[in-house]
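Pasting start-v1.txt here (compact mmCIF, C-alpha atoms):
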```txt
# COMPACT_ATOMS: atom_id res chain seq x y z
CA MET L 1 0.00 0.00 0.00
CA SER L 2 1.42 3.34 -0.93
CA GLY L 3 0.70 6.63 0.68
CA ASN L 4 -2.27 7.99 2.49
CA PRO L 5 -5.55 7.45 0.64
CA PHE L 6 -6.55 10.96 1.67
CA ASP L 7 -3.54 12.60 0.00
CA ASP L 8 -5.85 14.01 -2.63
CA LEU L 9 -7.15 16.37 0.06
CA ASP L 10 -3.84 18.15 0.15
CA GLY L 11 -5.07 21.10 -1.85
CA LEU L 12 -8.48 21.32 -0.25
CA ASP L 13 -9.79 24.83 0.33
CA ASP L 14 -9.54 26.93 3.48
CA ASP L 15 -12.96 25.85 4.60
CA ASP L 16 -11.57 22.82 6.22
CA ASP L 17 -8.65 24.56 7.80
CA ALA L 18 -11.06 26.85 9.54
CA LYS L 19 -13.10 23.90 10.68
CA GLU L 20 -10.01 22.14 11.83
CA ALA L 21 -8.90 25.05 13.98
CA GLU L 22 -12.36 25.42 15.41
CA SER L 23 -12.72 21.90 16.70
CA ASP L 24 -9.10 21.25 17.48
CA GLY L 25 -9.83 20.28 21.02
CA ALA L 26 -12.09 17.53 19.99
CA SER L 27 -9.59 15.95 17.69
CA ASN L 28 -7.18 15.19 20.47
CA ASP L 29 -9.06 12.40 22.07
CA THR L 30 -9.84 10.65 18.86
CA ALA L 31 -6.25 10.88 17.72
CA GLU L 32 -5.22 8.56 20.51
CA THR L 33 -7.49 5.79 19.45
CA ASP L 34 -4.63 3.90 17.87
CA ASP L 35 -4.00 2.02 21.05
CA SER L 36 -7.62 1.18 21.26
CA PRO L 37 -9.13 -0.66 24.19
CA VAL L 38 -9.78 -3.65 22.11
CA ASP L 39 -6.06 -4.24 22.05
CA GLN L 40 -6.35 -5.44 25.54
CA PRO L 41 -8.75 -8.34 25.57
CA GLY L 42 -7.54 -11.77 24.59
CA ALA L 43 -9.59 -11.65 21.46
CA SER L 44 -7.63 -8.83 19.95
CA ALA L 45 -7.08 -7.99 16.35
CA ASP L 46 -3.93 -10.06 16.19
CA GLU L 47 -5.98 -13.07 16.91
CA VAL L 48 -8.39 -11.93 14.28
CA SER L 49 -5.79 -11.90 11.56
CA ALA L 50 -4.25 -15.12 12.78
CA ALA L 51 -7.38 -17.24 12.95
CA PRO L 52 -10.13 -15.24 11.41
CA ALA L 53 -12.08 -18.05 9.86
CA SER L 54 -13.31 -19.11 13.26
CA GLU L 55 -16.42 -17.06 12.70
CA THR L 56 -18.97 -18.40 10.34
CA SER L 57 -19.65 -15.01 8.81
CA THR L 58 -17.54 -14.89 5.69
CA ALA L 59 -14.31 -16.33 4.55
CA SER L 60 -13.28 -12.96 3.23
CA ASP L 61 -12.75 -11.77 6.77
CA ALA L 62 -9.59 -13.73 6.63
CA SER L 63 -7.64 -11.53 4.31
CA GLY L 64 -7.87 -8.36 6.34
CA GLY L 65 -6.78 -6.71 3.12
CA ASP L 66 -8.61 -4.22 1.02
CA VAL L 67 -9.69 -6.63 -1.63
CA GLY L 68 -10.82 -9.22 0.84
CA GLU L 69 -12.83 -6.68 2.72
CA SER L 70 -14.46 -5.39 -0.38
CA THR L 71 -15.92 -8.77 -1.02
CA ALA L 72 -17.18 -9.16 2.50
CA GLU L 73 -20.75 -8.53 1.52
CA PRO L 74 -21.23 -8.63 -2.21
CA SER L 75 -19.23 -11.73 -3.03
CA GLY L 76 -20.79 -15.09 -3.52
CA ARG L 77 -24.30 -13.85 -3.70
CA SER L 78 -26.52 -12.61 -6.42
CA ASP L 79 -27.36 -8.97 -7.04
CA GLY L 80 -30.02 -8.56 -4.42
CA PRO L 81 -33.58 -9.86 -4.42
CA ALA L 82 -34.63 -12.44 -6.97
CA PHE L 83 -37.56 -10.31 -8.10
CA PRO L 84 -38.68 -6.70 -7.63
CA TYR L 85 -41.22 -5.43 -5.17
CA ASP L 86 -43.56 -4.59 -8.03
CA ASP L 87 -43.97 -8.28 -8.77
CA VAL L 88 -45.58 -9.13 -5.49
CA LYS L 89 -49.10 -8.81 -4.29
CA GLN L 90 -49.93 -8.59 -0.63
CA ARG L 91 -52.60 -11.03 0.51
CA PRO L 92 -53.84 -11.76 3.99
CA LEU L 93 -52.95 -14.98 5.71
CA TYR L 94 -55.05 -16.02 8.67
CA ALA L 95 -53.17 -17.80 11.40
CA ARG L 96 -52.90 -17.98 15.14
CA GLU L 97 -50.22 -16.03 16.96
CA GLU L 98 -48.28 -19.16 17.88
CA ALA L 99 -48.16 -20.30 14.26
CA TRP L 100 -46.91 -16.89 13.16
CA ASN L 101 -44.24 -16.90 15.81
CA ALA L 102 -43.07 -20.36 14.86
CA PHE L 103 -43.02 -19.34 11.21
CA GLU L 104 -41.09 -16.14 11.81
CA ASP L 105 -38.66 -17.85 14.16
CA ALA L 106 -38.02 -20.51 11.54
CA LEU L 107 -37.28 -17.84 8.93
CA GLU L 108 -35.25 -15.78 11.35
CA LEU L 109 -33.23 -18.49 13.03
CA ASP L 110 -32.95 -21.37 10.61
CA VAL L 111 -33.53 -20.09 7.10
CA GLU L 112 -31.35 -17.04 7.52
CA ARG L 113 -28.58 -19.07 9.05
CA THR L 114 -28.52 -21.21 5.93
CA LEU L 115 -28.67 -18.17 3.66
CA ARG L 116 -25.70 -16.69 5.44
CA GLU L 117 -23.66 -19.74 4.61
CA TYR L 118 -24.08 -18.60 1.02
CA ASP L 119 -23.31 -15.01 1.94
CA VAL L 120 -26.89 -13.94 1.38
CA ARG L 121 -27.65 -11.42 4.09
CA ASP L 122 -30.29 -9.28 2.46
CA ALA L 123 -33.18 -11.66 1.88
CA THR L 124 -36.32 -9.58 1.67
CA GLY L 125 -39.62 -10.41 3.33
CA ARG L 126 -41.22 -10.98 -0.03
CA GLU L 127 -38.59 -13.50 -1.07
CA LEU L 128 -38.97 -15.43 2.17
CA HIS L 129 -42.75 -15.49 1.90
CA ASP L 130 -42.69 -16.39 -1.78
CA ALA L 131 -40.28 -19.25 -1.11
CA ALA L 132 -42.32 -20.43 1.87
CA LEU L 133 -45.50 -20.56 -0.21
CA ARG L 134 -43.75 -22.50 -2.95
CA VAL L 135 -42.49 -25.04 -0.45
CA ALA L 136 -45.97 -25.36 1.01
CA ALA L 137 -47.44 -25.83 -2.46
CA GLU L 138 -45.04 -28.67 -3.10
CA HIS L 139 -46.09 -30.48 0.09
CA PRO L 140 -49.89 -30.58 0.08
CA GLU L 141 -49.99 -33.90 1.92
CA ALA L 142 -48.09 -32.42 4.85
CA ILE L 143 -50.54 -29.52 4.99
CA ALA L 144 -53.50 -31.89 4.99
CA GLU L 145 -51.94 -34.02 7.70
CA GLN L 146 -51.25 -31.00 9.86
CA LEU L 147 -54.81 -29.77 9.52
CA LEU L 148 -56.25 -33.19 10.29
CA GLU L 149 -53.98 -33.49 13.27
CA LEU L 150 -55.16 -30.13 14.57
CA ARG L 151 -58.72 -31.42 14.29
CA GLY L 152 -57.75 -34.49 16.25
CA ILE L 153 -58.21 -36.90 13.37
CA ASP L 154 -55.76 -39.79 13.30
CA VAL L 155 -54.42 -39.99 9.77
CA ASN L 156 -52.94 -43.44 10.32
CA GLN L 157 -56.27 -45.15 10.67
CA MET K 1 -36.10 23.02 21.22
CA THR K 2 -32.87 24.98 21.09
CA ALA K 3 -31.28 26.08 17.85
CA THR K 4 -30.11 23.17 15.77
CA GLU K 5 -26.50 22.95 14.77
CA PRO K 6 -26.49 21.13 11.46
CA ARG K 7 -24.38 18.01 11.48
CA ALA K 8 -23.52 15.18 9.14
CA VAL K 9 -22.56 11.82 10.59
CA ASP K 10 -21.07 8.68 9.11
CA VAL K 11 -22.08 5.30 10.52
CA VAL K 12 -19.07 3.20 9.68
CA ILE K 13 -17.08 0.09 10.52
CA LEU K 14 -14.91 -1.94 8.16
CA LYS K 15 -16.82 -5.14 8.81
CA GLY K 16 -20.08 -6.45 7.44
CA GLY K 17 -22.98 -7.70 9.49
CA VAL K 18 -22.45 -5.47 12.51
CA GLY K 19 -25.60 -3.43 11.96
CA LYS K 20 -24.54 -0.32 10.06
CA SER K 21 -27.68 -0.14 7.95
CA THR K 22 -29.98 -0.87 10.87
CA ILE K 23 -28.37 1.69 13.12
CA SER K 24 -27.97 4.43 10.54
CA MET K 25 -31.52 4.07 9.26
CA ASN K 26 -33.07 4.00 12.70
CA LEU K 27 -30.90 6.92 13.76
CA ALA K 28 -32.20 8.90 10.79
CA ARG K 29 -35.73 7.91 11.76
CA GLN K 30 -35.37 9.19 15.33
CA LEU K 31 -33.69 12.43 14.25
CA ALA K 32 -36.54 12.99 11.82
CA ASP K 33 -39.03 13.35 14.68
CA GLN K 34 -37.74 16.87 15.23
CA HIS K 35 -35.51 17.74 12.30
CA ARG K 36 -35.13 17.72 8.55
CA VAL K 37 -33.07 14.64 7.84
CA LEU K 38 -31.44 13.09 4.80
CA PHE K 39 -30.39 9.46 4.99
CA ALA K 40 -27.62 8.85 2.45
CA ASP K 41 -27.00 5.22 1.53
CA LEU K 42 -23.47 4.98 0.15
CA ASP K 43 -23.22 1.22 0.59
CA PRO K 44 -23.21 -0.47 -2.84
CA ASN K 45 -25.07 -3.46 -1.38
CA GLY K 46 -28.08 -1.16 -1.06
CA HIS K 47 -29.33 -3.00 1.99
CA ALA K 48 -31.01 0.07 3.47
CA THR K 49 -32.29 1.42 0.14
CA ASN K 50 -33.86 -1.90 -0.78
CA GLY K 51 -34.96 -2.43 2.80
CA LEU K 52 -36.94 0.79 2.63
CA GLY K 53 -38.58 -0.44 -0.57
CA PHE K 54 -36.72 1.68 -3.11
CA GLU K 55 -35.55 -1.10 -5.40
CA ASP K 56 -36.46 0.99 -8.42
CA ALA K 57 -34.14 3.77 -7.34
CA TYR K 58 -31.39 1.24 -6.60
CA GLN K 59 -31.61 0.00 -10.17
CA SER K 60 -32.14 3.39 -11.79
CA ASP K 61 -29.85 4.59 -14.55
CA VAL K 62 -29.65 7.97 -12.88
CA ASN K 63 -27.83 7.71 -9.58
CA VAL K 64 -25.64 9.40 -7.04
CA GLY K 65 -22.58 8.68 -9.16
CA ASP K 66 -23.79 11.17 -11.77
CA VAL K 67 -23.93 13.96 -9.21
CA VAL K 68 -20.73 13.07 -7.47
CA LEU K 69 -18.75 12.69 -10.69
CA ASP K 70 -20.38 15.67 -12.43
CA GLN K 71 -21.73 13.47 -15.20
CA GLY K 72 -24.90 14.31 -17.11
CA ASP K 73 -27.66 16.63 -15.99
CA ALA K 74 -28.90 14.82 -12.91
CA THR K 75 -29.33 16.95 -9.80
CA LEU K 76 -29.72 15.96 -6.17
CA ASP K 77 -33.41 16.80 -6.50
CA ASP K 78 -33.73 14.13 -9.18
CA LEU K 79 -32.24 11.51 -6.90
CA ILE K 80 -33.56 12.18 -3.42
CA ARG K 81 -36.71 10.28 -2.48
CA ARG K 82 -39.18 11.05 0.24
CA THR K 83 -39.89 8.17 2.61
CA GLU K 84 -43.00 7.64 4.72
CA PHE K 85 -40.95 7.96 7.85
CA GLY K 86 -40.14 11.64 8.01
CA PHE K 87 -36.69 11.50 6.46
CA ASP K 88 -35.56 11.69 2.86
CA LEU K 89 -33.37 9.09 1.19
CA LEU K 90 -30.42 9.50 -1.12
CA PRO K 91 -30.57 5.99 -2.55
CA SER K 92 -27.70 3.63 -3.13
CA SER K 93 -27.24 2.25 -6.63
CA ASN K 94 -26.25 -1.06 -8.15
CA THR K 95 -23.58 0.86 -10.06
CA LEU K 96 -21.93 2.33 -6.96
CA GLU K 97 -19.02 -0.06 -7.27
CA ASP K 98 -18.20 1.55 -10.62
CA VAL K 99 -18.44 4.95 -8.99
CA GLU K 100 -15.89 3.71 -6.48
CA ASN K 101 -13.44 3.17 -9.35
CA ASP K 102 -14.23 6.42 -11.11
CA LEU K 103 -13.65 8.36 -7.91
CA LYS K 104 -10.10 7.04 -7.79
CA GLY K 105 -9.31 8.94 -10.95
CA ALA K 106 -11.20 12.10 -10.05
CA ILE K 107 -9.52 15.24 -8.84
CA GLN K 108 -9.92 15.49 -5.09
CA GLY K 109 -11.89 12.29 -5.37
CA SER K 110 -12.17 11.95 -1.59
CA ALA K 111 -14.04 15.23 -1.27
CA ARG K 112 -16.68 14.78 -3.99
CA VAL K 113 -19.52 13.83 -1.71
CA LYS K 114 -18.65 16.74 0.53
CA SER K 115 -18.57 19.29 -2.27
CA ASN K 116 -21.46 17.91 -4.34
CA VAL K 117 -23.84 16.53 -1.72
CA VAL K 118 -23.24 17.68 1.84
CA ASP K 119 -22.09 21.27 1.31
CA PRO K 120 -25.09 22.18 -0.87
CA LEU K 121 -27.64 20.52 1.43
CA LEU K 122 -26.51 20.62 5.05
CA GLY K 123 -27.92 23.54 7.00
CA ASP K 124 -29.98 24.47 3.98
CA ALA K 125 -32.39 21.71 3.00
CA TYR K 126 -31.45 19.43 5.90
CA ASP K 127 -30.44 19.76 9.55
CA TYR K 128 -28.84 16.35 9.66
CA ILE K 129 -27.40 13.97 7.09
CA VAL K 130 -26.76 10.38 8.13
CA PHE K 131 -24.51 8.18 5.98
CA ASP K 132 -24.56 4.41 5.73
CA SER K 133 -21.09 3.44 4.45
CA PRO K 134 -19.59 0.34 2.84
CA ALA K 135 -18.04 -2.41 4.96
CA TYR K 136 -14.75 -2.18 3.09
CA PRO K 137 -12.15 0.53 2.62
CA GLY K 138 -12.30 2.62 -0.53
CA MET K 139 -13.23 5.94 -2.05
CA LEU K 140 -16.87 5.83 -0.99
CA ASN K 141 -15.87 5.31 2.61
CA ASN K 142 -13.25 8.05 2.35
CA ASN K 143 -15.86 10.36 0.89
CA ALA K 144 -18.37 9.74 3.67
CA LEU K 145 -15.69 10.45 6.23
CA VAL K 146 -14.52 13.66 4.61
CA ALA K 147 -18.09 14.81 4.03
CA THR K 148 -19.16 14.32 7.64
CA GLY K 149 -16.17 14.68 9.95
CA ASN K 150 -18.28 12.84 12.53
CA VAL K 151 -18.48 9.11 12.96
CA LEU K 152 -20.57 6.70 14.90
CA ILE K 153 -19.01 3.25 15.05
CA PRO K 154 -21.22 0.22 15.62
CA ILE K 155 -19.50 -2.76 17.17
CA ALA K 156 -20.72 -6.23 18.08
CA PRO K 157 -19.39 -8.89 20.46
CA GLY K 158 -16.79 -11.26 19.04
CA SER K 159 -13.26 -10.98 17.76
CA SER K 160 -14.14 -10.35 14.13
CA ALA K 161 -16.13 -7.17 14.83
CA ILE K 162 -13.41 -6.02 17.20
CA GLY K 163 -10.90 -6.54 14.39
CA GLY K 164 -13.17 -4.47 12.17
CA TYR K 165 -13.13 -1.68 14.73
CA LYS K 166 -9.35 -1.69 14.82
CA ARG K 167 -9.14 -1.63 11.01
CA THR K 168 -11.56 1.28 10.95
CA MET K 169 -9.45 3.29 13.36
CA GLU K 170 -6.11 2.42 11.76
CA ARG K 171 -6.88 2.39 8.05
CA LEU K 172 -9.65 4.91 7.75
CA ILE K 173 -9.84 7.35 10.60
CA ALA K 174 -6.16 7.78 11.48
CA PRO K 175 -5.07 8.53 7.86
CA ALA K 176 -7.96 10.95 7.42
CA GLN K 177 -6.99 12.75 10.61
CA GLU K 178 -3.76 13.77 8.96
CA TYR K 179 -5.85 16.12 6.86
CA ILE K 180 -9.13 16.77 8.62
CA ASP K 181 -10.75 16.55 12.03
CA ILE K 182 -12.75 13.45 12.66
CA ASP K 183 -14.87 13.30 15.78
CA VAL K 184 -15.85 9.89 17.05
CA LEU K 185 -19.25 10.75 18.50
CA ALA K 186 -19.90 7.29 19.88
CA VAL K 187 -18.90 3.65 19.74
CA VAL K 188 -22.17 1.75 19.76
CA PRO K 189 -22.37 -1.82 21.07
CA ASN K 190 -24.90 -3.74 19.02
CA GLN K 191 -26.32 -7.28 18.85
CA ILE K 192 -25.83 -7.83 22.57
CA GLN K 193 -27.42 -11.11 23.68
CA ASP K 194 -25.37 -12.72 26.40
CA ARG K 195 -25.43 -12.08 30.11
CA ILE K 196 -22.79 -9.76 31.43
CA ASP K 197 -22.44 -11.36 34.85
CA GLN K 198 -20.55 -14.22 33.21
CA GLN K 199 -17.46 -14.21 31.03
CA THR K 200 -19.24 -13.91 27.73
CA GLU K 201 -18.17 -12.12 24.55
CA ALA K 202 -20.72 -9.44 25.35
CA ARG K 203 -19.17 -8.95 28.78
CA GLU K 204 -15.70 -8.75 27.27
CA LEU K 205 -16.75 -6.15 24.72
CA LEU K 206 -18.68 -4.00 27.16
CA GLU K 207 -16.09 -4.16 29.90
CA ASN K 208 -13.31 -3.17 27.55
CA LEU K 209 -15.21 -0.35 25.88
CA ASN K 210 -16.29 0.94 29.25
CA THR K 211 -12.91 0.87 30.94
CA ALA K 212 -10.40 1.84 28.23
CA ASP K 213 -9.34 5.48 28.25
CA THR K 214 -9.89 5.91 24.54
CA THR K 215 -13.45 4.66 24.45
CA GLU K 216 -15.08 5.01 27.86
CA ASP K 217 -16.29 8.50 26.96
CA LYS K 218 -17.68 7.18 23.68
CA VAL K 219 -20.03 4.56 25.10
CA PRO K 220 -23.67 5.69 25.06
CA ASN K 221 -25.43 5.72 28.43
CA PHE K 222 -27.54 2.73 27.43
CA ALA K 223 -24.37 0.64 27.41
CA ARG K 224 -22.47 2.45 30.15
CA ILE K 225 -21.32 0.28 33.03
CA THR K 226 -18.49 1.56 35.19
CA ALA K 227 -15.63 -0.56 36.48
CA GLU K 228 -17.09 -0.24 39.96
CA GLU K 229 -20.47 -1.44 38.70
CA PHE K 230 -18.85 -4.47 37.09
CA GLU K 231 -17.24 -5.28 40.45
CA ARG K 232 -20.56 -5.00 42.23
CA ILE K 233 -22.21 -7.18 39.60
CA ASP K 234 -19.54 -9.84 40.12
CA ALA K 235 -19.96 -9.60 43.88
CA GLY K 236 -23.68 -10.15 43.47
CA GLU K 237 -24.48 -6.71 44.94
CA LEU K 238 -25.92 -5.31 41.76
CA SER K 239 -28.31 -7.15 39.54
CA PRO K 240 -26.82 -7.18 36.04
CA PRO K 241 -28.29 -4.52 33.75
CA LYS K 242 -29.27 -5.26 30.18
CA PRO K 243 -27.15 -2.86 28.16
CA GLY K 244 -28.03 -2.10 24.54
CA ILE K 245 -28.32 -2.26 21.72
CA ARG K 246 -29.68 -5.76 22.23
CA HIS K 247 -30.36 -8.36 19.62
CA ARG K 248 -34.03 -8.21 18.78
CA ALA K 249 -35.68 -10.20 16.04
CA ALA K 250 -37.91 -7.22 15.31
CA LEU K 251 -34.86 -5.08 14.63
CA SER K 252 -33.48 -7.26 11.87
CA ARG K 253 -36.95 -8.11 10.67
CA SER K 254 -38.14 -4.53 10.38
CA LEU K 255 -35.93 -3.78 7.36
CA LYS K 256 -37.36 -6.77 5.55
CA TYR K 257 -40.74 -5.18 5.91
CA ASN K 258 -39.48 -1.85 4.62
CA GLN K 259 -39.79 -0.02 7.92
CA PRO K 260 -37.69 1.52 10.66
CA LEU K 261 -38.14 -0.10 14.07
CA GLN K 262 -40.17 2.84 15.37
CA ASP K 263 -42.80 2.14 12.74
CA TYR K 264 -42.55 -1.64 12.62
CA ASP K 265 -42.68 -2.20 16.37
CA PRO K 266 -43.38 1.09 18.21
CA ASP K 267 -43.27 -0.59 21.64
CA ASN K 268 -39.89 -2.22 21.13
CA ASP K 269 -37.65 -1.84 24.17
CA GLN K 270 -34.64 -0.82 22.08
CA ILE K 271 -36.23 2.31 20.62
CA PRO K 272 -35.07 4.55 23.50
CA HIS K 273 -31.51 3.61 22.58
CA PHE K 274 -31.95 4.98 19.08
CA GLU K 275 -33.45 8.09 20.61
CA GLU K 276 -30.30 8.46 22.68
CA LEU K 277 -28.17 8.08 19.55
CA ALA K 278 -30.19 10.88 17.99
CA ARG K 279 -29.46 13.12 21.01
CA ILE K 280 -25.76 12.26 20.75
CA VAL K 281 -25.74 13.39 17.13
CA GLU K 282 -27.65 16.55 18.01
CA ASP K 283 -25.21 17.36 20.81
CA GLY K 284 -22.10 16.37 18.87
CA GLY K 285 -21.10 13.88 21.54
CA ILE K 286 -22.12 12.05 24.68
CA ASP K 287 -23.52 13.92 27.65
CA ARG K 288 -23.15 12.13 30.98
```

Representation of the structure as structure tokens:
Amino acid sequence: MSGNPFDDLDGLDDDDDAKEAESDGASNDTAETDDSPVDQPGASADEVSAAPASETSTASDASGGDVGESTAEPSGRSDGPAFPYDDVKQRPLYAREEAWNAFEDALELDVERTLREYDVRDATGRELHDAALRVAAEHPEAIAEQLLELRGIDVNQ
Amino acid sequence: MTATEPRAVDVVILKGGVGKSTISMNLARQLADQHRVLFADLDPNGHATNGLGFEDAYQSDVNVGDVVLDQGDATLDDLIRRTEFGFDLLPSSNTLEDVENDLKGAIQGSARVKSNVVDPLLGDAYDYIVFDSPAYPGMLNNNALVATGNVLIPIAPGSSAIGGYKRTMERLIAPAQEYIDIDVLAVVPNQIQDRIDQQTEARELLENLNTADTTEDKVPNFARITAEEFERIDAGELSPPKPGIRHRAALSRSLKYNQPLQDYDPDNDQIPHFEELARIVEDGGIDR
């Protein structure tokens, strides 16, 4: 890496000099942040660069370099949602609170965990609901069984 | 309400998944209760822009790059969208990564957002401008920093977010401080889940932020626990508080439903924390 990435500010107008002088006091405490507190705990940055893959987040954490960082979010995933908002239509679904909670927890805890393994972190509500409906449509027998079960009818008879 | 001192603030950390978009967007939402606010999404992933339902703007041919690079006839007025939540949005774009490259070749490329976006708007059309920045170093991040001079750094438990914090200080903020003043308004613990009366990652993060000279003044009151309080917690004399910002399903879920937390779940127990962040931005720092 060569030079300071902010070197292009060298010729910046007086505006900033004035601002700099004005808030000089404030700059002092932030200037010291090099020896930041997070140096102290065991899990310091050194450890991060030595064994960074320990977190499931993304492999690109490992590089610590500019290129690696730049791929932290975009890499390995498609360009955002699979279809635009305009494509969807909102319809009511009638369900009990407990069923909603179980559904949302499943999306939140299990589905998103899997998505993250593929670096997808921006799944939209519409994509999740669309996918959930498609899965349901492919498993009509499970839906019927669930309903019968809720009515107390033994499907194995 | 006393006179407002206009201020731009950059929500930044060189690490993805720490909550930049969530915090910056909800901060903008709380500031908008009393002020004219622009939320500027400079993150090419467009998480916040899409999360607010502006996919069309994200994919538009006309985008912030045109204004920043002085290309074509587009003006800020053409780009800025009104949201339902009291603040306006300068949308991200799926071409922002190209803008990143073009800025490298531009004269005073680090100051383009300052000269072409913030200077014309701040104190005039808006009282506050909140930036959501990329998770990686580059010209967009440099621009947000130069344009604001104020940063709010989210941080989460765990060594990888802590590494991101260090990178942010060393690679972004320290080099910029050779040329301009950068005020760290606050370091904001986020995604806290664990107990703090046991040796958890949350405890480690909060204890270090709260006891180190360089950061103890930067911890918002909702996460402030003094060394003495930690001792009393360990001795069983003080019941452990629940410092924020805590992990809440509603918080991550709200963006999927195109809403800030205040609108998605008005009774959520973390909303006061975002209100405190808004006061910190208004005051230009933490008031104890």

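Here CA of Asp70 in chain K is placed at a distance of 16.4 Å from CA of Leu121 in chain K.
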
Inset, instruction - Pick out the chain K residues within 6 Å of chain L. Count all atoms listed in the file. Give them as number ranges by chain. - result: K: 108, 136, 159-160, 163, 176, 181, 208, 212, 214, 256-257

Legend entry - Which of K:Ala278, K:Thr83, K:Ser92, K:Leu172 sits closest to Val9 in chain K [using only C-alpha atoms]: K:Ala278

Inset, instruction - List every protein, DNA or RNA residue that has at least one atom no more than 12 Å from (-15.6, 14.6, -4.7) in the file's coordinates, counting only C-alpha atoms, and write the result as JSON, numbers by chain. - result: {"L": [6, 8, 9, 12], "K": [64, 65, 66, 67, 68, 69, 70, 99, 100, 102, 103, 104, 105, 106, 107, 108, 109, 110, 111, 112, 113, 114, 115, 116, 117, 118, 119, 139, 140, 141, 142, 143, 144, 145, 146, 147]}

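Considering only C-alpha atoms, the residue among K:Val37, K:Met169, K:Leu42, K:Leu255 positioned nearest to Val187 in chain K is K:Met169.
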
Inset, instruction - Go ahead and compute the interatomic distance for CA of Ser93 in chain K and CA of Pro44 in chain K, in Å to one decimal. - result: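 According to the coordinates, CA of Ser93 in chain K and CA of Pro44 in chain K are separated by 6.2 Å.
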
Inset, instruction - Kindly give the distance, in Å, that separates CA of Tyr126 in chain K and CA of Asn45 in chain K, rounded to a single decimal. - result: 24.9 Å

Legend entry - Within 8 Å of Val219 in chain K using only C-alpha atoms, minus same-chain residues under 5 positions, as a list of chain:residue names: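 Near neighbours after the sequence-gap exclusion: K:Ala186, K:Val187, K:Val188, K:Pro189, K:Leu209, K:Asn210, K:Arg224, K:Ile286.
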
Taking every listed atom of range 208-227 of chain K and adding 4 Å to each side, what centre and edge lengths in Å (one decimal) does the axis-aligned box have, as lines of an AutoDock Vina configuration file?
```
center_x = -18.4
center_y = 2.7
center_z = 30.1
size_x = 26.2
size_y = 19.7
size_z = 20.8
```

Legend entry - Which residue of K:Val12, K:Leu206, K:Ile196, K:Leu122 approaches Ser239 in chain K most closely, using only C-alpha atoms: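 Looking at the shortest contact to Ser239 in chain K, the residue is K:Ile196.
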